[in-house]
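Structure first, then comments.
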Amino acid sequence: MLTALQIVNLGTNSLSNGHCATMCVLDVFSNCSTLQVLELSENAFSGKLSRGIGKLSPRLSDLYLGDNNITGNIPEEIGNLTELIALSLGFNNLIGQVPSALGHLKNLQYLELSSNKLQGNIPLEINVLVNLGYLLLNLNHLSGSIPSYMGGLQQLRELDLSSNQLTGRIPNAIGRCFRLERIDLSHNSLTGNIPMEISRLHSLQFYLNFSYNLLTGRLPSLGGMQQVQAIDISANKRSGPISSDIGSCSGLQYLNLAKNKLEGIVPISIGQLKSLESIDISFNELSGPVPLSIANLTMLRHLNFSYNYLNGSVPNEGAFRKLSAKSFLANPGLCAASGWLNLPNCTSSDKNHAAFNRNIVLIASTGTFFALCCILGIFYTLYRRIKRHPITNSLLGEGFMQISRQELYTATQGFSAAN
């Protein structure tokens, strides 16, 4: 009677498999030769996955067993389900390694193994899953480096490797995943620079999260990510300035760069982020004034500039009126109007200094631009002159005698030091 079944949806119940030591509920469906979708997630099924999982319908395209209490290893026989498009085994108690047999699932578009106890490296065989759009391996105990072949998975829309024990560098090849909308590599032990190729991920719409790693070097350009809603690179060892092109991230709502070693000024361009609701750049080494442009951020609800070296007057208009004293803790050089934000009262010299700093920032930015234009102009002029009048022997003077190296060697007695 069950042989004609195509879709079974028993998800989100309290079903269990009784006293079976294995997921014997799967045996019930082993004769359903036309079964395409099996949804058993969010129940109370327990026990190990048996090798019999490979005997499910050869037409099975969707298998959802997440949010249960399944234990043991993922059997290699799962590779027999070659028509699978979606496989969800997340939020169980699976152990062992991610099976290499997943490489047989060439049609797979969705793979979720999140929140288990899986160990070992990310298997090389995943590189053949060129249709994969969602790779969710977060909340496990995976180790080793992020494979560079990830760049070949160009259908990826979401990559979540967070909360593992991954080490090494973020591969440059990640920048070739042009369709990525979400990427989360947080809570690992990744080192080195964030590759410049990350700036090519123009399709990021939701979040980029590299927080709680050991990343060093300067922040890459982020201005090309105009649609991204959240950027979190907090709790690393990043240094250098915050690039002014951050103001081009017009969709940004959440920005967290706290707990790094960032230095330089807070860029005025942050005031261009009209959708910004939260910004945290605390626990860095930033200096200079608090940009007045932030006053225009009408959506801003949270701001934390604490534990830096900012100085001058904190504006008391617009978005600043929503903030509390916690926003500016431990910046000894800051002051404010009488009694506001529990900061020292600003003197006229403080206000003048703050205005001076803001003018310096503006002048420096404008001056840099014009200086660059002048340098380019000089090089272009020299290039045109050289192109018109190439250096020839005539420019060296027609009256000069030309001698060979052999003649010079003989005349100086073999380049003797006595001459």
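The way I read the labels, and the way they are meant: chains A, B, ... in the order of the structure tokens, residue 1 as the first residue of every chain, and ligand 1 as the first ligand shown, with later ones counted on from there.
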
Query raised in the report: Could you pull the residues within 8 Å of Ser269 in chain A, counting only C-alpha atoms, minus those fewer than 3 positions along the same chain, as a list of chain:residue names?
Result: A:Ser244, A:Asp245, A:Ile246, A:Gly247, A:Gln272, A:Leu273, A:Ser293

Query - For Pro171 in chain A: contacts at 12 Å, only C-alpha atoms, fewer than 4 positions along chain excluded, given as a count of residues only - result: 22

Shell around Gly133 in chain A at 10 Å using only C-alpha atoms, local window under 4 positions removed, as a PDB file with C-alpha atoms, in the first residue's frame:
ATOM      1  CA  LEU A 108      22.852  18.141  -3.943  1.00  0.00           C
ATOM      2  CA  GLN A 109      21.868  21.784  -3.488  1.00  0.00           C
ATOM      3  CA  TYR A 110      21.292  21.923   0.273  1.00  0.00           C
ATOM      4  CA  LEU A 111      23.518  20.248   2.895  1.00  0.00           C
ATOM      5  CA  LEU A 129      29.094  19.252  -5.503  1.00  0.00           C
ATOM      6  CA  LEU A 153      31.304  26.078  -5.589  1.00  0.00           C
ATOM      7  CA  GLN A 154      29.997  29.037  -7.523  1.00  0.00           C
ATOM      8  CA  GLN A 155      26.329  28.329  -6.816  1.00  0.00           C
ATOM      9  CA  LEU A 156      26.845  28.882  -3.082  1.00  0.00           C
ATOM     10  CA  ARG A 157      24.410  31.316  -1.531  1.00  0.00           C
ATOM     11  CA  GLU A 158      25.113  30.526   2.108  1.00  0.00           C
ATOM     12  CA  LEU A 159      28.333  29.266   3.700  1.00  0.00           C
ATOM     13  CA  ARG A 179      26.426  34.399  -5.565  1.00  0.00           C
ATOM     14  CA  LEU A 180      27.108  34.357  -1.823  1.00  0.00           C
TER      15      LEU A 180
END

Query - All strand (DSSP E or B) residues (DSSP, backbone) inside range 116-191 of chain A, as a ChimeraX atom specification - result: /A:119-120,134-136,141-144,158-160,165-168,182-184,189-191

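Checking A:Gly288, A:Pro315, A:Gly103, A:Pro241 one by one against Asn331 in chain A, counting only C-alpha atoms, you find the shortest gap at A:Gly288.
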
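The residue set within 9 Å of Ile265 in chain A, counting only C-alpha atoms and dropping same-chain residues fewer than 3 places from it, reads Pro241, Ile242, Ile268, Leu286, Ser287, Gly288, Pro289, Val290, Leu310 and Val361 of chain A.
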
Could the residues in this selection be written to a file with C-alpha atoms, as a short mmCIF file (atom, residue, chain, number, x, y, z; two decimals), in the first residue's frame?
data_model
loop_
_atom_site.label_atom_id
_atom_site.label_comp_id
_atom_site.auth_asym_id
_atom_site.auth_seq_id
_atom_site.Cartn_x
_atom_site.Cartn_y
_atom_site.Cartn_z
CA PRO A 241 42.23 52.49 9.64
CA ILE A 242 38.55 52.04 8.89
CA ILE A 268 32.90 60.90 8.22
CA LEU A 286 40.86 55.14 17.26
CA SER A 287 41.51 58.85 17.71
CA GLY A 288 40.23 62.20 16.51
CA PRO A 289 36.74 63.69 16.73
CA VAL A 290 33.33 62.03 16.80
CA LEU A 310 38.68 59.99 20.76
CA VAL A 361 40.05 65.78 8.39
#

**Report entry** CA of Tyr64 in chain A to CA of Ala86 in chain A, distance in Å rounded to a single decimal
**Finding:** 7.7 Å

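Using only C-alpha atoms, the shortest contact distance between Gln165 in chain A and any of A:Ser248, A:Asn73, A:Ser143, A:Ser46 is found at A:Ser143.
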
Query raised in the report: With only C-alpha atoms as the atoms that count, which of A:Gln6, A:Ser100, A:Ser275, A:Asn260 lies nearest to Pro123 in chain A?
Result: A:Ser100

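Counting only C-alpha atoms, Arg200 in chain A has the following residues at most 10 Å away, ignoring those fewer than 6 positions along the same chain: Ile174, Gly175, Arg176, Cys177, Phe178, Ser221, Leu222, Gly223, Gly224 and Met225 of chain A.
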
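Using only C-alpha atoms, the contacts of range 28-33 of chain A at a cut-off of 9 Å, with sequence neighbours closer than 3 positions omitted, comprise Leu2, Thr3, Ala4, Leu5, Gln6, Cys24, Val25, Gln36, Leu38, Gly52, Ile53, Gly54, Lys55, Leu56, Ser57, Pro58, Arg59 and Leu60 of chain A.
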
Got time to write the residues from that selection, N, CA and C atoms, as a tab-separated table (two decimals), in the first residue's frame?
chain	number	residue	atom	x	y	z
A	2	LEU	N	2.11	1.17	0.52
A	2	LEU	CA	2.95	2.34	0.63
A	2	LEU	C	3.84	2.54	-0.60
A	3	THR	N	3.77	1.63	-1.53
A	3	THR	CA	4.71	1.68	-2.65
A	3	THR	C	4.49	2.89	-3.55
A	4	ALA	N	3.29	3.46	-3.53
A	4	ALA	CA	3.00	4.60	-4.41
A	4	ALA	C	3.25	5.94	-3.73
A	5	LEU	N	3.65	5.93	-2.47
A	5	LEU	CA	3.88	7.19	-1.75
A	5	LEU	C	4.98	8.01	-2.43
A	6	GLN	N	4.76	9.30	-2.54
A	6	GLN	CA	5.77	10.19	-3.08
A	6	GLN	C	6.25	11.21	-2.05
A	24	CYS	N	14.93	2.81	13.22
A	24	CYS	CA	14.20	1.77	12.49
A	24	CYS	C	12.98	2.33	11.75
A	25	VAL	N	12.59	3.56	12.08
A	25	VAL	CA	11.46	4.16	11.37
A	25	VAL	C	11.76	4.26	9.88
A	36	GLN	N	9.76	10.52	-2.88
A	36	GLN	CA	10.63	11.63	-3.28
A	36	GLN	C	10.99	12.55	-2.11
A	38	LEU	N	10.94	12.88	2.19
A	38	LEU	CA	10.73	12.27	3.51
A	38	LEU	C	11.11	13.31	4.57
A	52	GLY	N	21.01	0.73	6.32
A	52	GLY	CA	19.78	0.60	5.52
A	52	GLY	C	19.30	1.91	4.94
A	53	ILE	N	19.88	3.02	5.38
A	53	ILE	CA	19.47	4.30	4.83
A	53	ILE	C	19.74	4.36	3.33
A	54	GLY	N	20.72	3.59	2.88
A	54	GLY	CA	21.04	3.55	1.46
A	54	GLY	C	20.04	2.78	0.64
A	55	LYS	N	19.04	2.13	1.29
A	55	LYS	CA	18.02	1.36	0.58
A	55	LYS	C	16.73	2.14	0.38
A	56	LEU	N	16.74	3.40	0.82
A	56	LEU	CA	15.56	4.22	0.56
A	56	LEU	C	15.39	4.42	-0.93
A	57	SER	N	14.26	4.97	-1.31
A	57	SER	CA	13.91	5.11	-2.72
A	57	SER	C	15.02	5.75	-3.55
A	58	PRO	N	15.34	5.18	-4.69
A	58	PRO	CA	16.36	5.79	-5.56
A	58	PRO	C	15.90	7.13	-6.15
A	59	ARG	N	14.61	7.44	-5.98
A	59	ARG	CA	14.08	8.72	-6.46
A	59	ARG	C	14.07	9.79	-5.37
A	60	LEU	N	14.50	9.46	-4.19
A	60	LEU	CA	14.41	10.39	-3.06
A	60	LEU	C	15.22	11.65	-3.34

Query raised in the report: Please, which residues of range 200-377 of chain A, numbered as in this document, come out helix (DSSP H, G or I) from DSSP, as a PyMOL selection string?
Result: chain A and resi 200+244-248+268-272+292-296+318-322+325-328+340-342+348-377

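Residues in contact with Ala230 in chain A at 10 Å, where only C-alpha atoms are counted and same-chain residues fewer than 6 positions away are skipped, are listed as Arg182, Leu204, Gln205, Phe206, Tyr207, Leu208, Asn209, Cys249, Gly251, Leu252, Gln253, Tyr254, Leu255, Asn256, Leu276 and Ser278 of chain A.
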
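Distance check against Asp232 in chain A using only C-alpha atoms: of A:Asn308, A:Asn213, A:Thr71, A:Thr22, the minimum falls on A:Asn213.
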